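J.: My structure is stored as upload_38.txt, with compact mmCIF, C-alpha atoms.
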# COMPACT_ATOMS: atom_id res chain seq x y z
CA MET A 1345 0.00 0.00 0.00
CA LEU A 1346 1.01 3.60 -0.44
CA ARG A 1347 0.71 6.31 2.18
CA THR A 1348 0.74 10.05 1.67
CA PRO A 1349 0.29 12.88 4.20
CA ASN A 1350 -3.23 14.24 4.45
CA SER A 1351 -2.81 17.77 3.11
CA GLU A 1352 -6.26 18.89 4.28
CA LEU A 1353 -5.87 17.96 7.94
CA ARG A 1354 -2.20 19.02 8.05
CA THR A 1355 -1.42 16.26 10.53
CA ASN A 1356 1.13 13.46 10.60
CA LEU A 1357 -1.58 10.85 10.15
CA PRO A 1358 -1.24 9.35 6.64
CA SER A 1359 -4.11 8.42 4.38
CA VAL A 1360 -3.62 5.14 2.55
CA ILE A 1361 -3.89 4.81 -1.21
CA SER A 1362 -3.12 1.94 -3.55
CA LEU A 1363 -0.49 1.80 -6.26
CA ASP A 1364 -3.36 1.79 -8.75
CA GLU A 1365 -4.46 5.18 -7.45
CA VAL A 1366 -0.94 6.53 -7.85
CA LEU A 1367 -0.97 5.35 -11.47
CA LEU A 1368 -4.32 7.04 -12.02
CA ARG A 1369 -2.82 10.23 -10.69
CA VAL A 1370 0.09 9.98 -13.11
CA GLU A 1371 -2.33 9.38 -15.97
CA SER A 1372 -4.50 12.34 -14.92
CA GLU A 1373 -1.53 14.71 -15.09
CA THR A 1374 -0.97 13.60 -18.70
CA PRO A 1375 2.82 13.98 -18.75
CA GLN A 1376 4.30 12.70 -21.98
CA LYS A 1377 7.51 11.32 -20.43
CA SER A 1378 7.36 9.87 -16.90
CA LEU A 1379 10.52 8.48 -15.29
CA PHE A 1380 10.62 5.96 -12.43
CA TRP A 1381 14.13 5.19 -11.20
CA GLY A 1382 15.70 3.27 -8.36
CA GLU A 1383 15.15 -0.04 -6.63
CA GLY A 1384 12.70 -2.62 -7.90
CA VAL A 1385 11.65 -0.74 -11.03
CA GLY A 1386 11.68 -3.96 -13.08
CA GLY A 1387 8.87 -5.48 -11.05
CA ILE A 1388 6.98 -2.20 -10.92
CA SER A 1389 7.21 -1.77 -14.69
CA SER A 1390 5.77 -5.27 -15.18
CA TYR A 1391 2.89 -4.45 -12.83
CA VAL A 1392 2.25 -1.14 -14.62
CA ALA A 1393 2.12 -2.93 -17.99
CA GLY A 1394 -0.49 -5.33 -16.59
CA TRP A 1395 -2.46 -2.48 -15.03
CA MET A 1396 -2.53 -0.62 -18.35
CA ALA A 1397 -3.51 -3.73 -20.32
CA GLY A 1398 -6.29 -4.36 -17.80
CA ARG A 1399 -7.73 -0.95 -18.71
CA GLY A 1400 -7.87 -1.84 -22.40
CA ILE A 1401 -4.59 -0.11 -23.29
CA ASP A 1402 -2.10 -1.60 -25.75
CA VAL A 1403 1.43 -1.48 -24.35
CA PHE A 1404 4.77 -1.55 -26.14
CA VAL A 1405 7.65 -2.63 -23.87
CA LEU A 1406 11.25 -2.04 -24.93
CA ASP A 1407 13.40 -3.84 -22.38
CA GLY A 1408 17.09 -2.94 -22.24
CA ALA A 1409 17.63 -4.29 -18.72
CA ASN A 1410 16.18 -7.79 -19.24
CA ARG A 1411 13.96 -7.33 -16.18
CA PHE A 1412 10.43 -7.46 -17.55
CA ASP A 1413 8.50 -10.29 -15.87
CA PRO A 1414 5.35 -11.64 -17.62
CA TYR A 1415 4.49 -13.60 -14.46
CA THR A 1416 3.88 -10.30 -12.67
CA VAL A 1417 1.32 -9.46 -15.36
CA SER A 1418 -0.33 -12.85 -14.90
CA SER A 1419 -0.45 -12.40 -11.12
CA PHE A 1420 -2.06 -8.97 -11.54
CA ALA A 1421 -4.64 -10.43 -13.94
CA LYS A 1422 -5.64 -13.16 -11.50
CA LYS A 1423 -6.01 -10.71 -8.63
CA ALA A 1424 -8.12 -8.44 -10.84
CA SER A 1425 -10.22 -11.41 -12.04
CA LEU A 1426 -9.05 -10.88 -15.62
CA SER A 1427 -7.72 -13.31 -18.18
CA PRO A 1428 -3.88 -13.39 -18.09
CA VAL A 1429 -3.84 -14.37 -21.75
CA SER A 1430 -5.97 -11.41 -22.79
CA LEU A 1431 -3.69 -8.99 -20.91
CA LEU A 1432 -0.49 -10.48 -22.27
CA LYS A 1433 -1.87 -10.21 -25.80
CA ARG A 1434 -2.07 -6.44 -25.31
CA ILE A 1435 1.62 -6.22 -24.33
CA ARG A 1436 4.27 -6.36 -27.05
CA ILE A 1437 7.78 -6.96 -25.73
CA ALA A 1438 11.08 -6.38 -27.52
CA ARG A 1439 14.46 -6.76 -25.81
CA ALA A 1440 17.70 -4.94 -26.55
CA PHE A 1441 21.12 -6.09 -25.37
CA THR A 1442 23.27 -3.40 -27.01
CA CYS A 1443 22.91 0.33 -27.48
CA TYR A 1444 22.67 -0.23 -31.24
CA GLN A 1445 19.77 -2.64 -30.78
CA MET A 1446 17.98 -0.19 -28.47
CA ALA A 1447 18.42 2.69 -30.92
CA THR A 1448 17.12 0.52 -33.77
CA LEU A 1449 14.09 -0.58 -31.73
CA ILE A 1450 13.21 3.04 -30.96
CA GLU A 1451 13.95 4.60 -34.33
CA GLU A 1452 12.61 1.86 -36.58
CA ARG A 1453 10.47 -0.84 -34.99
CA LEU A 1454 8.64 1.30 -32.42
CA ALA A 1455 8.24 4.26 -34.76
CA SER A 1456 6.82 2.00 -37.47
CA SER A 1457 4.38 0.32 -35.05
CA LEU A 1458 3.11 3.65 -33.73
CA GLU A 1459 2.66 5.05 -37.23
CA GLN A 1460 0.23 2.23 -37.92
CA ALA A 1461 -2.01 3.53 -35.12
CA GLU A 1462 -4.21 5.88 -37.09
CA GLY A 1463 -6.55 8.34 -35.42
CA ILE A 1464 -6.56 10.14 -32.08
CA ALA A 1465 -8.86 7.60 -30.41
CA GLN A 1466 -6.54 4.72 -31.20
CA ARG A 1467 -3.44 6.62 -30.06
CA GLN A 1468 -5.12 7.40 -26.75
CA LYS A 1469 -5.15 3.65 -26.09
CA LEU A 1470 -1.39 3.26 -26.55
CA ARG A 1471 1.45 3.47 -24.01
CA VAL A 1472 5.17 2.83 -24.33
CA ILE A 1473 7.31 1.45 -21.49
CA LEU A 1474 11.06 1.91 -21.85
CA LEU A 1475 12.65 -0.38 -19.27
CA GLY A 1476 16.38 0.18 -18.85
CA LEU A 1477 16.84 2.69 -21.65
CA VAL A 1478 20.21 3.73 -20.23
CA THR A 1479 21.48 0.22 -19.47
CA PRO A 1480 22.62 -0.79 -23.00
CA PHE A 1481 24.43 2.53 -23.39
CA LEU A 1482 26.73 1.70 -20.44
CA ASP A 1483 28.66 -0.85 -22.51
CA GLU A 1484 32.36 -0.18 -21.86
CA ASP A 1485 33.24 -1.70 -25.24
CA VAL A 1486 31.48 1.16 -27.05
CA SER A 1487 33.33 4.46 -27.17
CA GLU A 1488 31.93 7.65 -25.68
CA ARG A 1489 32.18 9.19 -29.15
CA GLU A 1490 29.58 6.68 -30.37
CA VAL A 1491 27.39 6.42 -27.27
CA ARG A 1492 26.43 10.03 -26.68
CA PRO A 1493 25.25 10.91 -30.23
CA LEU A 1494 23.36 7.62 -30.41
CA PHE A 1495 21.67 8.26 -27.06
CA GLU A 1496 20.77 11.82 -28.02
CA ARG A 1497 19.32 10.61 -31.31
CA SER A 1498 17.17 8.08 -29.46
CA LEU A 1499 15.92 10.78 -27.08
CA ARG A 1500 14.98 13.03 -29.99
CA LYS A 1501 13.02 10.20 -31.57
CA VAL A 1502 11.16 9.54 -28.32
CA GLU A 1503 10.52 13.28 -27.95
CA GLY A 1504 8.93 13.36 -31.39
CA MET A 1505 6.68 10.38 -30.72
CA ALA A 1506 5.68 11.77 -27.32
CA ALA A 1507 4.84 15.13 -28.90
CA GLY A 1508 2.57 13.19 -31.25
CA GLY A 1509 0.43 12.12 -28.29
CA ILE A 1510 2.02 8.84 -27.16
CA PRO A 1511 2.79 8.76 -23.40
CA PHE A 1512 6.13 7.18 -22.47
CA PHE A 1513 6.86 5.54 -19.12
CA LEU A 1514 10.57 5.12 -18.43
CA PHE A 1515 11.75 2.69 -15.76
CA GLU A 1516 15.48 2.90 -15.11
CA PRO A 1517 17.47 0.79 -12.62
CA SER A 1518 20.86 1.93 -13.92
CA VAL A 1519 20.92 5.67 -13.24
CA VAL A 1520 22.12 7.62 -10.23
CA SER A 1521 20.82 11.01 -9.19
CA PRO A 1522 22.46 13.83 -11.17
CA LYS A 1523 22.87 15.58 -7.81
CA SER A 1524 25.11 12.80 -6.51
CA PRO A 1525 28.76 13.70 -5.93
CA SER A 1526 31.26 12.49 -8.50
CA PHE A 1527 32.99 10.46 -5.77
CA SER A 1528 31.03 7.75 -3.96
CA PRO A 1529 32.43 6.76 -0.54
CA SER A 1530 32.36 3.14 0.51
CA VAL A 1531 29.28 2.26 2.60
CA LYS A 1532 31.40 0.31 5.08
CA GLY A 1533 34.24 2.81 5.09
CA GLY A 1534 37.71 2.44 3.76
CA GLY A 1535 37.86 4.17 0.42
CA GLY A 1536 35.38 4.64 -2.34
CA LYS A 1537 35.19 4.96 -6.09
CA TRP A 1538 34.72 7.57 -8.78
CA LEU A 1539 31.34 7.32 -10.44
CA ASN A 1540 31.35 6.47 -14.13
CA PRO A 1541 31.23 9.83 -15.99
CA GLN A 1542 29.30 8.15 -18.80
CA ARG A 1543 26.65 6.96 -16.34
CA THR A 1544 26.46 10.44 -14.81
CA TYR A 1545 26.02 12.07 -18.20
CA LEU A 1546 23.29 9.64 -19.30
CA ALA A 1547 21.47 10.03 -15.97
CA ARG A 1548 21.58 13.84 -16.18
CA ARG A 1549 20.19 13.81 -19.70
CA LEU A 1550 17.43 11.39 -18.76
CA PHE A 1551 16.40 13.59 -15.82
CA GLN A 1552 16.38 16.70 -17.99
CA PHE A 1553 14.38 14.87 -20.64
CA SER A 1554 11.60 13.59 -18.35
CA ASP A 1555 8.48 15.60 -17.47
CA LEU A 1556 7.69 13.66 -14.30
CA ILE A 1557 10.22 11.91 -12.08
CA TRP A 1558 9.63 9.39 -9.29
CA ARG A 1559 12.46 7.92 -7.20
CA ILE A 1560 11.94 4.48 -5.65
CA GLY A 1561 14.01 3.44 -2.66
CA SER A 1562 14.04 1.82 0.77
CA ASP A 1563 14.01 3.45 4.19
CA GLU A 1564 14.02 1.37 7.38
CA GLY A 1565 12.61 -1.65 5.59
CA GLU A 1566 9.86 0.24 3.78
CA THR A 1567 9.78 0.99 0.07
CA LYS A 1568 9.10 4.64 -0.70
CA ILE A 1569 8.29 6.53 -3.87
CA VAL A 1570 9.34 10.17 -3.92
CA MET A 1571 8.03 12.51 -6.58
CA GLU A 1572 11.08 14.57 -7.53
CA LYS A 1573 9.63 16.51 -10.44
CA GLY A 1574 5.97 17.05 -11.29
CA LEU A 1575 3.60 19.36 -13.15
CA THR A 1576 1.79 22.41 -11.80
CA ALA A 1577 -1.92 23.02 -12.37
CA ASN A 1578 -1.20 24.98 -15.55
CA GLY A 1579 1.04 22.23 -16.93
CA SER A 1580 4.41 23.85 -16.22
CA LEU A 1581 7.19 21.88 -14.55
CA ASN A 1582 7.50 21.98 -10.80
CA SER A 1583 10.09 20.45 -8.48
CA THR A 1584 8.58 18.84 -5.40
CA LYS A 1585 9.34 16.41 -2.61
CA GLU A 1586 6.16 14.42 -2.18
CA VAL A 1587 6.73 11.11 -0.42
CA PHE A 1588 4.65 7.97 -0.70
CA GLU A 1589 5.27 4.70 1.14
CA ILE A 1590 4.58 1.27 -0.31
If you convert what's in this file into structure tokens, what do you get?
T.:
Amino acid sequence: MLRTPNSELRTNLPSVISLDEVLLRVESETPQKSLFWGEGVGGISSYVAGWMAGRGIDVFVLDGANRFDPYTVSSFAKKASLSPVSLLKRIRIARAFTCYQMATLIEERLASSLEQAEGIAQRQKLRVILLGLVTPFLDEDVSEREVRPLFERSLRKVEGMAAGGIPFFLFEPSVVSPKSPSFSPSVKGGGGKWLNPQRTYLARRLFQFSDLIWRIGSDEGETKIVMEKGLTANGSLNSTKEVFEI
């Protein structure tokens, strides 16, 4: 379950809402590019795909982290008294293991599939989940000279499709906060390590690119979702620190 402070009573007593209600809130704000990053995003992305399919939405999943779990979709379907087969038929999954494969999936396969969706009504029933978009671009065997232009080109393609009315949901386990220091101390003490500059660059670009950002993490055994960037009532971007607990 998710908990959020009751803003009307202004007390410390939380009201309890479900993950489904959080997803409805995200949908109601109609951001075109929503980012969820942190712990457990693979399982959450699988649940979200099932939730969308259960509402009659066709979902395209591009998985660059190899973490999408169809069994999570089936479990959701059973709990919602829906047919797992019917939900899975609404979810199209393509996996990418290299940055070149991910770029090709975005620029060619996904773009071609979305172009076949004619009419506003049909496009309103489409969602795209990008799971681990950054992950394939962290390949140390690919030079920085190749990675950055390829990543930027992929972002521009996504931007164009999103501007055409297709909402994108990005789930990223590989990024770190762009506010993190360049040097990460060891948790147990005794040294540390310099963060990968490539990872930092990709994370910063992904954060800049996204309209809505949620961070998922653990605190004293509880999983929390923190909204780090949202939309104001008039649609402009707004930084916030709204905390939910799962």
J.: Considering all atoms listed in the file, state which residue in the set A:Arg1471, A:Arg1399, A:Arg1489, A:Arg1549 is at the smallest distance from Asp1364 in chain A.
T.: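 Under the stated criterion, the closest residue is A:Arg1399.
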J.: Could you check which of A:Gly1394, A:Pro1428, A:Gly1504, A:Pro1541 is closest to Leu1482 in chain A, using only C-alpha atoms?
T.: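 The answer is A:Pro1541, which sits nearest to Leu1482 in chain A.
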J.: Would you kindly return, as a VMD selection string, each protein, DNA or RNA residue with an atom no farther than 10 Å from any atom of Arg1453 in chain A, considering all atoms listed in the file and excluding same-chain residues fewer than 6 positions away?
T.: chain A and resid 1438 1446 to 1447
J.: How many Å separate CA of Ser1498 in chain A from CA of Ile1450 in chain A?
T.: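 It comes out at 6.6 Å.
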J.: Within 10 Å of (2.1, -10.9, -13.5), in the coordinates the file gives, what residues turn up when you count only C-alpha atoms, written out as a list in words?
T.: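 These residues have at least one counted atom within 10 Å: Gly1387, Ser1390, Tyr1391, Val1392, Ala1393, Gly1394, Trp1395, Phe1412, Asp1413, Pro1414, Tyr1415, Thr1416, Val1417, Ser1418, Ser1419, Phe1420, Ala1421, Lys1422, Lys1423, Pro1428, Leu1431 and Leu1432 of chain A.
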J.: Considering all atoms listed in the file, can you say which of A:Thr1448, A:Ser1378, A:Ser1487, A:Gln1460 comes closest to Met1571 in chain A?
T.: A:Ser1378
J.: Give the answer as one residue: which of A:Arg1492, A:Lys1501, A:Arg1559, A:Lys1469 has the shortest atom-to-atom distance to Tyr1545 in chain A, using all atoms listed in the file?
T.: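 Of all the options, A:Arg1492 lies closest to Tyr1545 in chain A.
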